[in-house]
$ cat target14.cif   # mmCIF, C-alpha atoms
data_structure
loop_
_atom_site.label_atom_id
_atom_site.label_comp_id
_atom_site.auth_asym_id
_atom_site.auth_seq_id
_atom_site.Cartn_x
_atom_site.Cartn_y
_atom_site.Cartn_z
CA MET Q 1 -78.71 60.02 28.92
CA ASN Q 2 -79.72 62.39 26.19
CA SER Q 3 -83.22 62.76 27.60
CA THR Q 4 -81.83 63.86 30.97
CA ASN Q 5 -79.63 66.54 29.50
CA ARG Q 6 -82.19 68.74 27.87
CA PHE Q 7 -84.48 71.16 29.72
CA TRP Q 8 -82.78 70.81 33.08
CA GLY Q 9 -83.31 67.07 33.14
CA LEU Q 10 -87.04 67.31 32.51
CA ARG Q 11 -88.24 63.95 31.19
CA PRO Q 12 -91.42 63.33 29.17
CA GLY Q 13 -93.25 61.79 32.14
CA ASP Q 14 -92.27 64.74 34.31
CA ALA Q 15 -94.17 67.09 32.02
CA LEU Q 16 -97.13 64.71 32.24
CA VAL Q 17 -96.99 64.72 36.05
CA ALA Q 18 -96.73 68.51 36.07
CA GLY Q 19 -99.77 68.71 33.78
CA VAL Q 20 -101.83 66.34 35.92
CA LEU Q 21 -100.92 68.21 39.11
CA LEU Q 22 -101.76 71.54 37.47
CA CYS Q 23 -105.17 70.16 36.51
CA PHE Q 24 -105.64 69.01 40.10
CA TRP Q 25 -104.71 72.51 41.28
CA PHE Q 26 -107.20 74.15 38.93
CA TRP Q 27 -109.86 71.73 40.12
CA ILE Q 28 -109.15 72.71 43.74
CA LEU Q 29 -109.18 76.38 42.77
CA HIS Q 30 -112.50 75.92 41.06
CA ALA Q 31 -113.97 74.03 44.00
CA THR Q 32 -112.93 76.68 46.51
CA TRP Q 33 -112.44 80.20 45.21
CA LEU Q 34 -114.54 79.98 42.08
CA SER Q 35 -117.44 78.20 43.70
CA PRO Q 36 -120.91 79.61 42.94
CA ALA Q 37 -122.15 82.57 44.91
CA PRO Q 38 -124.25 81.99 48.01
CA THR Q 39 -127.97 82.66 47.73
CA GLU Q 40 -129.14 83.05 51.29
CA ALA Q 41 -128.04 84.35 54.67
CA ARG Q 42 -129.33 82.56 57.73
CA VAL Q 43 -129.52 84.59 60.87
CA TYR Q 44 -129.56 82.76 64.19
CA ALA Q 45 -130.46 84.28 67.54
CA GLY Q 46 -130.12 82.37 70.80
CA GLY Q 47 -129.34 79.18 68.91
CA ALA Q 48 -132.55 79.20 66.86
CA LEU Q 49 -133.09 80.28 63.28
CA TYR Q 50 -134.29 83.88 63.41
CA ALA Q 51 -134.47 84.89 59.76
CA ARG Q 52 -133.52 83.81 56.26
CA LEU Q 53 -132.47 86.67 54.03
CA ARG Q 54 -132.24 86.54 50.26
CA LEU Q 55 -128.96 88.01 49.12
CA ASP Q 56 -130.26 89.53 45.89
CA GLN Q 57 -132.11 92.36 47.60
CA PRO Q 58 -130.64 94.87 50.04
CA LYS Q 59 -131.98 94.67 53.55
CA ALA Q 60 -131.19 95.77 57.05
CA LEU Q 61 -132.30 93.69 60.00
CA ALA Q 62 -132.14 94.31 63.73
CA VAL Q 63 -131.85 91.12 65.78
CA PRO Q 64 -132.53 91.29 69.50
CA GLY Q 65 -130.17 89.53 71.90
CA PRO Q 66 -129.38 89.54 75.61
CA LEU Q 67 -127.09 92.58 75.27
CA GLY Q 68 -129.14 94.58 72.81
CA GLU Q 69 -129.64 94.75 69.08
CA THR Q 70 -127.30 93.28 66.49
CA ARG Q 71 -127.80 94.97 63.13
CA ILE Q 72 -127.29 92.86 60.03
CA GLU Q 73 -127.02 94.28 56.54
CA VAL Q 74 -127.43 92.61 53.16
CA MET Q 75 -126.16 94.24 49.99
CA ALA Q 76 -125.24 92.97 46.52
CA GLY Q 77 -124.85 89.30 47.40
CA LYS Q 78 -122.94 90.01 50.59
CA VAL Q 79 -123.87 90.23 54.22
CA ARG Q 80 -122.22 91.86 57.22
CA VAL Q 81 -122.82 92.62 60.85
CA ALA Q 82 -123.10 96.38 60.78
CA SER Q 83 -123.14 96.83 64.52
CA ASP Q 84 -123.19 94.69 67.63
CA PRO Q 85 -123.30 95.45 71.36
CA GLY Q 86 -120.58 92.86 72.12
CA PRO Q 87 -117.35 94.09 73.74
CA ARG Q 88 -114.84 92.82 71.17
CA GLN Q 89 -116.68 93.51 67.93
CA LEU Q 90 -115.19 90.42 66.30
CA CYS Q 91 -118.19 89.77 64.07
CA VAL Q 92 -118.36 93.42 63.01
CA ARG Q 93 -114.68 93.52 62.14
CA GLN Q 94 -115.04 90.46 59.93
CA GLY Q 95 -116.62 92.79 57.41
CA TRP Q 96 -118.56 91.58 54.39
CA LEU Q 97 -119.11 87.84 54.00
CA SER Q 98 -119.41 86.65 50.44
CA ARG Q 99 -118.60 82.91 50.18
CA PRO Q 100 -120.90 79.99 50.90
CA GLY Q 101 -120.15 78.70 54.37
CA ASP Q 102 -118.77 82.02 55.62
CA ALA Q 103 -120.08 82.91 59.06
CA ALA Q 104 -119.88 85.74 61.56
CA LEU Q 105 -120.60 84.95 65.20
CA CYS Q 106 -121.50 87.59 67.73
CA LEU Q 107 -121.22 85.30 70.71
CA PRO Q 108 -121.89 87.69 73.60
CA ASN Q 109 -125.18 88.66 72.03
CA ARG Q 110 -125.88 85.09 70.84
CA VAL Q 111 -126.42 86.15 67.24
CA SER Q 112 -124.80 84.62 64.18
CA VAL Q 113 -125.12 84.86 60.43
CA VAL Q 114 -124.15 82.11 57.97
CA LEU Q 115 -124.15 82.15 54.18
CA THR Q 116 -125.70 79.13 52.51
CA GLY Q 117 -126.58 77.95 49.03
CA GLY Q 118 -124.47 78.03 45.90
CA GLY Q 119 -123.19 74.50 46.23
CA ALA Q 120 -121.49 74.63 49.62
CA SER Q 121 -122.88 71.54 51.21
CA TYR Q 122 -121.26 72.01 54.60
CA ASP Q 123 -123.06 74.07 57.16
CA SER Q 124 -122.07 72.66 60.51
CA LEU Q 125 -120.00 74.24 63.22
CA SER Q 126 -119.14 72.49 66.44
CA TYR Q 127 -118.75 74.49 69.58
CA MET I 1 -77.57 33.62 59.31
CA THR I 2 -75.52 33.43 62.50
CA ALA I 3 -73.57 36.40 61.27
CA LEU I 4 -76.65 38.57 61.80
CA ALA I 5 -76.40 38.27 65.57
CA THR I 6 -72.87 39.60 65.67
CA GLU I 7 -73.34 42.26 63.01
CA PRO I 8 -72.53 45.69 64.43
CA ILE I 9 -75.42 48.14 64.70
CA LEU I 10 -73.37 51.00 63.32
CA THR I 11 -72.83 49.72 59.85
CA GLU I 12 -71.32 51.78 57.11
CA ARG I 13 -74.81 52.33 55.76
CA THR I 14 -76.29 53.50 59.05
CA ILE I 15 -73.55 56.05 59.44
CA MET I 16 -74.10 57.25 55.89
CA MET I 17 -77.82 57.61 56.66
CA ALA I 18 -77.01 59.72 59.72
CA ARG I 19 -74.70 61.93 57.67
CA TRP I 20 -77.36 62.59 55.07
CA ALA I 21 -79.89 63.27 57.81
CA ALA I 22 -77.46 65.76 59.38
CA LEU I 23 -77.18 67.61 56.07
CA ALA I 24 -80.97 67.58 55.80
CA VAL I 25 -81.26 69.05 59.32
CA LEU I 26 -78.93 71.85 58.27
CA LEU I 27 -81.01 72.62 55.18
CA GLY I 28 -84.12 72.41 57.32
CA LEU I 29 -82.67 75.09 59.60
CA VAL I 30 -82.10 77.34 56.61
CA ASP I 31 -85.73 76.67 55.74
CA ALA I 32 -86.89 77.59 59.22
CA ALA I 33 -84.90 80.83 59.09
CA VAL I 34 -86.47 81.99 55.85
CA PRO I 35 -89.40 84.25 56.68
CA SER I 36 -92.59 82.88 55.18
CA PRO I 37 -95.40 85.10 53.87
CA VAL I 38 -98.09 82.53 54.70
CA PRO I 39 -97.86 79.80 57.33
CA GLY I 40 -97.17 76.56 55.50
CA VAL I 41 -95.42 78.12 52.53
CA LYS I 42 -91.75 77.12 52.64
CA PRO I 43 -89.06 76.16 50.17
CA GLY I 44 -88.58 72.69 51.68
CA LEU I 45 -84.86 72.56 51.07
CA ALA I 46 -84.36 69.45 53.24
CA ASN I 47 -86.26 67.51 50.61
CA LEU I 48 -83.32 67.97 48.25
CA VAL I 49 -81.51 65.43 50.43
CA THR I 50 -84.47 63.04 50.47
CA LEU I 51 -84.70 63.11 46.68
CA TRP I 52 -80.97 62.65 46.27
CA VAL I 53 -80.71 59.61 48.53
CA LEU I 54 -83.90 58.19 47.06
CA TRP I 55 -82.27 58.29 43.65
CA PHE I 56 -79.13 56.49 44.75
CA GLU I 57 -80.06 54.45 47.80
CA GLY I 58 -83.73 53.56 47.42
CA TRP I 59 -86.95 54.24 49.27
CA ARG I 60 -86.16 52.57 52.61
CA PHE I 61 -82.95 54.54 52.98
CA ALA I 62 -84.69 57.79 52.00
CA ALA I 63 -87.47 57.09 54.50
CA GLY I 64 -84.85 56.57 57.21
CA VAL I 65 -83.10 59.83 56.36
CA SER I 66 -86.36 61.75 56.19
CA LEU I 67 -87.76 60.53 59.52
CA LEU I 68 -84.39 60.87 61.22
CA ARG I 69 -84.28 64.46 59.98
CA VAL I 70 -87.72 65.27 61.38
CA LEU I 71 -86.73 63.91 64.78
CA ALA I 72 -83.28 65.50 64.86
CA SER I 73 -84.35 68.91 63.58
CA SER I 74 -87.15 69.05 66.14
CA LEU I 75 -84.49 68.53 68.81
CA VAL I 76 -82.42 71.33 67.32
CA LEU I 77 -85.40 73.68 66.96
CA GLY I 78 -86.81 72.61 70.32
CA ASN I 79 -90.29 71.75 69.10
CA LEU I 80 -90.38 68.02 69.75
CA PHE I 81 -94.01 66.82 70.17
CA SER I 82 -95.32 70.34 69.52
CA PRO I 83 -97.81 70.97 66.70
CA GLY I 84 -94.91 72.03 64.48
CA PHE I 85 -93.26 68.68 65.02
CA PHE I 86 -96.38 66.72 64.14
CA LEU I 87 -96.90 68.89 61.09
CA ALA I 88 -93.36 68.12 59.94
CA LEU I 89 -93.88 64.44 60.68
CA SER I 90 -97.17 64.23 58.81
CA GLY I 91 -95.60 66.07 55.89
CA ALA I 92 -92.66 63.67 55.80
CA LEU I 93 -94.97 60.64 56.01
CA GLY I 94 -97.25 62.07 53.31
CA SER I 95 -94.40 62.63 50.90
CA LEU I 96 -92.85 59.22 51.64
CA LEU I 97 -96.21 57.58 51.02
CA VAL I 98 -96.37 59.23 47.61
CA LEU I 99 -92.71 58.58 46.82
CA TRP I 100 -93.05 54.84 47.39
CA PRO I 101 -94.96 54.23 44.15
CA ALA I 102 -93.46 57.28 42.42
CA SER I 103 -89.90 56.02 42.81
CA ARG I 104 -90.96 52.80 41.08
CA LEU I 105 -91.99 54.60 37.90
CA PRO I 106 -89.67 53.91 34.97
CA ARG I 107 -86.77 56.34 35.27
CA ARG I 108 -86.45 56.65 31.55
CA TRP I 109 -89.69 58.63 31.57
CA PHE I 110 -90.07 59.93 35.10
CA GLY I 111 -87.21 61.69 36.88
CA VAL I 112 -86.73 63.64 40.09
CA TRP I 113 -89.02 66.40 38.81
CA SER I 114 -91.95 64.01 39.03
CA TRP I 115 -90.86 62.72 42.41
CA SER I 116 -90.40 66.21 43.80
CA MET I 117 -93.71 67.64 42.61
CA LEU I 118 -95.66 64.56 43.71
CA ALA I 119 -93.90 64.46 47.07
CA ALA I 120 -94.50 68.17 47.68
CA THR I 121 -98.20 67.70 46.93
CA GLY I 122 -98.41 64.65 49.20
CA HIS I 123 -96.54 66.59 51.88
CA MET I 124 -98.99 69.47 51.73
CA LEU I 125 -102.12 67.30 51.59
CA ALA I 126 -101.01 65.31 54.62
CA GLN I 127 -100.31 68.50 56.56
CA MET I 128 -103.62 70.04 55.59
CA ALA I 129 -105.42 66.87 56.63
CA LEU I 130 -103.73 67.00 60.02
CA VAL I 131 -104.54 70.68 60.45
CA ARG I 132 -108.16 70.03 59.46
CA VAL I 133 -108.74 67.18 61.93
CA TRP I 134 -106.63 68.52 64.77
CA LEU I 135 -105.62 72.18 64.78
CA ILE I 136 -108.31 74.03 62.81
CA PRO I 137 -111.37 71.76 62.67
CA HIS I 138 -113.28 73.98 60.27
CA ASP I 139 -113.91 73.68 56.55
CA GLY I 140 -112.86 77.28 56.03
CA LEU I 141 -109.34 75.85 55.89
CA TRP I 142 -109.97 74.63 52.36
CA GLN I 143 -110.12 78.26 51.23
CA LEU I 144 -106.35 78.24 51.69
CA ALA I 145 -105.93 75.12 49.54
CA PRO I 146 -105.18 76.92 46.25
CA VAL I 147 -102.41 78.99 47.86
CA LEU I 148 -100.90 76.08 49.78
CA LEU I 149 -101.09 73.52 46.97
CA GLY I 150 -99.90 76.07 44.43
CA SER I 151 -96.86 76.86 46.52
CA ALA I 152 -96.21 73.13 47.03
CA LEU I 153 -96.30 72.62 43.29
CA LEU I 154 -93.95 75.53 42.73
CA THR I 155 -91.40 74.61 45.40
CA GLY I 156 -91.65 70.97 44.33
CA ALA I 157 -90.81 71.93 40.77
CA VAL I 158 -87.91 74.18 41.84
CA ASN I 159 -86.45 71.53 44.15
CA GLY I 160 -86.88 68.88 41.46
CA GLY I 161 -85.03 71.12 39.05
CA ILE I 162 -82.19 71.63 41.52
CA VAL I 163 -81.78 67.91 42.16
CA ALA I 164 -82.02 67.13 38.45
CA ARG I 165 -79.23 69.66 37.92
CA LEU I 166 -77.10 68.18 40.70
CA LEU I 167 -77.63 64.68 39.33
CA ARG I 168 -76.44 65.86 35.97
CA LEU I 169 -73.31 67.39 37.49
CA LYS I 170 -72.56 64.15 39.28
CA VAL I 171 -73.16 62.03 36.20
CA ASN I 172 -70.90 64.27 34.15
CA GLY I 173 -68.27 63.58 36.77
CA ASN I 174 -66.13 66.69 36.66
CA GLY I 175 -68.52 69.02 38.43
CA VAL I 176 -68.73 71.24 35.38
CA ALA I 177 -72.14 71.84 33.90
CA THR I 178 -72.46 70.96 30.25
CA HIS I 179 -75.33 71.99 28.08
#
$ encode --input "target14.cif" --output "structure tokens"
Amino acid sequence: MNSTNRFWGLRPGDALVAGVLLCFWFWILHATWLSPAPTEARVYAGGALYARLRLDQPKALAVPGPLGETRIEVMAGKVRVASDPGPRQLCVRQGWLSRPGDAALCLPNRVSVVLTGGGASYDSLSY
Amino acid sequence: MTALATEPILTERTIMMARWAALAVLLGLVDAAVPSPVPGVKPGLANLVTLWVLWFEGWRFAAGVSLLRVLASSLVLGNLFSPGFFLALSGALGSLLVLWPASRLPRRWFGVWSWSMLAATGHMLAQMALVRVWLIPHDGLWQLAPVLLGSALLTGAVNGGIVARLLRLKVNGNGVATH
């Protein structure tokens, strides 16, 4: 009875469970948000690999598509679609991509960019 | 054994289960009314009832109350067989799955705090798994995991604390908190 009355009924095992779950949470945090930086951006055009860009050097690339040119920009470990001829501008509005596995798809122009490397083993998207 | 055939369906215990489930539905409505900053982050007040009946009536009873609550509250909210319903169901099943072994831990060492935090984590993992395979089949979902699991841990701890407090009030008998 005494053990239930102190600390709002917190028992020794409860503290242990809390500790274990906190460790689990930190592990998840580490595996997701604190995962290593991506090393490469893969640019696809018309379903085929068009270019592989290293992220450690700035670069601007114009990718031709059925609607016109999609401009892709690399800077300081990040990549973005700077401009796209598509009507909705979804890939442009996504802004800078910085995590492994992040992707921007400019579907009308059939251009996409995906970040790879840095430990993210997944790279598949199903349409 | 012949008595089984004539035993009424509405036993004392069944009615009690329905009453607890009704209270859980009410708390679930409060839950649904609270605006949530991120989808999936909720206090989970109905779980107070699950923990309480688990403490006094055992796992089977708690499972009955919990599943009855999911069904009844989806009727009240009008989302039966919608994604929201299946999310609630998977959450309830996930937490019950975790609570089955958890409620068998020695109570001298492990109390409702443990149950609540473990159940909240199981609840969230089951829901995320369902979302991953069904609603958002993309691994980008895991980027939300720290927020969702963190909030589950927090609400689980708070709810565990509330039930631990209520248990203490009941054990002390007079409804007056003693320190």
$ closest_atom_pairs --input "target14.cif" --of "chain I" --to "chain Q" --cutoff "8 Å" --atoms "only C-alpha atoms" --output "JSON lines"
{"residue": "I:Arg108", "atom": "CA", "partner": "Q:Arg11", "partner_atom": "CA", "distance": 7.5}
{"residue": "I:Trp109", "atom": "CA", "partner": "Q:Gly13", "partner_atom": "CA", "distance": 4.8}
{"residue": "I:Phe110", "atom": "CA", "partner": "Q:Gly13", "partner_atom": "CA", "distance": 4.7}
{"residue": "I:Gly111", "atom": "CA", "partner": "Q:Arg11", "partner_atom": "CA", "distance": 6.2}
{"residue": "I:Trp113", "atom": "CA", "partner": "Q:Asp14", "partner_atom": "CA", "distance": 5.8}
{"residue": "I:Ser114", "atom": "CA", "partner": "Q:Asp14", "partner_atom": "CA", "distance": 4.8}
{"residue": "I:Met117", "atom": "CA", "partner": "Q:Ala18", "partner_atom": "CA", "distance": 7.3}
{"residue": "I:Leu118", "atom": "CA", "partner": "Q:Val17", "partner_atom": "CA", "distance": 7.8}
{"residue": "I:His138", "atom": "CA", "partner": "Q:Leu125", "partner_atom": "CA", "distance": 7.3}
{"residue": "I:Asp139", "atom": "CA", "partner": "Q:Tyr122", "partner_atom": "CA", "distance": 7.8}
{"residue": "I:Gly140", "atom": "CA", "partner": "Q:Asp102", "partner_atom": "CA", "distance": 7.6}
{"residue": "I:Trp142", "atom": "CA", "partner": "Q:Thr32", "partner_atom": "CA", "distance": 6.9}
{"residue": "I:Gln143", "atom": "CA", "partner": "Q:Thr32", "partner_atom": "CA", "distance": 5.7}
{"residue": "I:Ala145", "atom": "CA", "partner": "Q:Ile28", "partner_atom": "CA", "distance": 7.1}
{"residue": "I:Pro146", "atom": "CA", "partner": "Q:Leu29", "partner_atom": "CA", "distance": 5.3}
{"residue": "I:Leu149", "atom": "CA", "partner": "Q:Trp25", "partner_atom": "CA", "distance": 6.8}
{"residue": "I:Gly150", "atom": "CA", "partner": "Q:Trp25", "partner_atom": "CA", "distance": 6.8}
{"residue": "I:Leu153", "atom": "CA", "partner": "Q:Leu21", "partner_atom": "CA", "distance": 7.6}
{"residue": "I:Gly161", "atom": "CA", "partner": "Q:Trp8", "partner_atom": "CA", "distance": 6.4}
{"residue": "I:Ala164", "atom": "CA", "partner": "Q:Gly9", "partner_atom": "CA", "distance": 5.5}
{"residue": "I:Arg165", "atom": "CA", "partner": "Q:Trp8", "partner_atom": "CA", "distance": 6.1}
{"residue": "I:Arg168", "atom": "CA", "partner": "Q:Asn5", "partner_atom": "CA", "distance": 7.2}
{"residue": "I:His179", "atom": "CA", "partner": "Q:Asn5", "partner_atom": "CA", "distance": 7.1}
$ atom_distance --input "target14.cif" --atom1 "atom CA of I:Val53" --atom2 "atom CA of I:Ala21"
10.0 Å
$ resolve_selection --input "target14.cif" --expression "the PyMOL selection byres ((chain Q and resi 58) around 8)" --output "ChimeraX atom specification"
/Q:55-57,59-60,73-76
$ residues_around --input "target14.cif" --residues "I:Val38" --least-positions-apart "6" --cutoff "10 Å" --atoms "all atoms listed in the file" --output "number ranges by chain"
I: 144, 147-148
$ axis_aligned_box --input "target14.cif" --around "stretch 24-37 of chain I" --padding-each-side "8 Å" --output "lines of an AutoDock Vina configuration file"
center_x = -87.2
center_y = 76.3
center_z = 56.7
size_x = 32.5
size_y = 33.5
size_z = 21.7
$ residues_around --input "target14.cif" --residues "Q:Gly47" --least-positions-apart "6" --cutoff "9 Å" --atoms "all atoms listed in the file" --output "mmCIF file with C-alpha atoms, keeping the file's coordinate frame"
data_model
loop_
_atom_site.group_PDB
_atom_site.id
_atom_site.type_symbol
_atom_site.label_atom_id
_atom_site.label_comp_id
_atom_site.auth_asym_id
_atom_site.auth_seq_id
_atom_site.Cartn_x
_atom_site.Cartn_y
_atom_site.Cartn_z
ATOM 1 C CA ARG Q 110 -125.880 85.090 70.840
ATOM 2 C CA VAL Q 111 -126.420 86.150 67.240
ATOM 3 C CA SER Q 112 -124.800 84.620 64.180
#
$ atom_distance --input "target14.cif" --atom1 "atom CA of Q:Val63" --atom2 "atom CA of Q:Thr39"
20.3 Å
$ atom_distance --input "target14.cif" --atom1 "atom CA of I:Ser82" --atom2 "atom CA of I:Ala152"
22.7 Å
$ residues_around --input "target14.cif" --residues "Q:Gln94" --least-positions-apart "5" --cutoff "9 Å" --atoms "all atoms listed in the file" --output "list of chain:residue names"
Q:Arg80, Q:Val81, Q:Gln89, Q:Ala104
$ resolve_selection --input "target14.cif" --expression "the PyMOL selection byres ((chain Q and resi 109) around 6)" --output "number ranges by chain"
Q: 65-67, 106-108, 110-111
$ write_last_selection --input "target14.cif" --atoms "C-alpha atoms" --output "short mmCIF file (atom, residue, chain, number, x, y, z; two decimals), in the coordinates of the input"
data_model
loop_
_atom_site.label_atom_id
_atom_site.label_comp_id
_atom_site.auth_asym_id
_atom_site.auth_seq_id
_atom_site.Cartn_x
_atom_site.Cartn_y
_atom_site.Cartn_z
CA GLY Q 65 -130.17 89.53 71.90
CA PRO Q 66 -129.38 89.54 75.61
CA LEU Q 67 -127.09 92.58 75.27
CA CYS Q 106 -121.50 87.59 67.73
CA LEU Q 107 -121.22 85.30 70.71
CA PRO Q 108 -121.89 87.69 73.60
CA ARG Q 110 -125.88 85.09 70.84
CA VAL Q 111 -126.42 86.15 67.24
#
$ residues_around --input "target14.cif" --residues "I:Leu68" --least-positions-apart "3" --cutoff "10 Å" --atoms "all atoms listed in the file" --output "number ranges by chain"
I: 17-18, 20-22, 24-25, 62-65, 71-74
$ resolve_selection --input "target14.cif" --expression "the PyMOL selection byres ((chain I and resi 83-95) around 8)" --output "ChimeraX atom specification"
/I:66-67,70,74,79-82,96-99,118-127,130-131
$ closest_residue --input "target14.cif" --among "Q:Pro36, Q:Gly95, Q:Pro64, Q:Gly86" --to "Q:Gly117" --atoms "all atoms listed in the file"
Q:Pro36
$ residues_near_point --input "target14.cif" --point "(-127.3, 93.2, 64.8)" --cutoff "7 Å" --atoms "only C-alpha atoms" --output "mmCIF file with C-alpha atoms, keeping the file's coordinate frame"
data_model
loop_
_atom_site.group_PDB
_atom_site.id
_atom_site.type_symbol
_atom_site.label_atom_id
_atom_site.label_comp_id
_atom_site.auth_asym_id
_atom_site.auth_seq_id
_atom_site.Cartn_x
_atom_site.Cartn_y
_atom_site.Cartn_z
ATOM 1 C CA LEU Q 61 -132.300 93.690 60.000
ATOM 2 C CA ALA Q 62 -132.140 94.310 63.730
ATOM 3 C CA VAL Q 63 -131.850 91.120 65.780
ATOM 4 C CA GLU Q 69 -129.640 94.750 69.080
ATOM 5 C CA THR Q 70 -127.300 93.280 66.490
ATOM 6 C CA ARG Q 71 -127.800 94.970 63.130
ATOM 7 C CA ILE Q 72 -127.290 92.860 60.030
ATOM 8 C CA VAL Q 81 -122.820 92.620 60.850
ATOM 9 C CA ALA Q 82 -123.100 96.380 60.780
ATOM 10 C CA SER Q 83 -123.140 96.830 64.520
ATOM 11 C CA ASP Q 84 -123.190 94.690 67.630
#
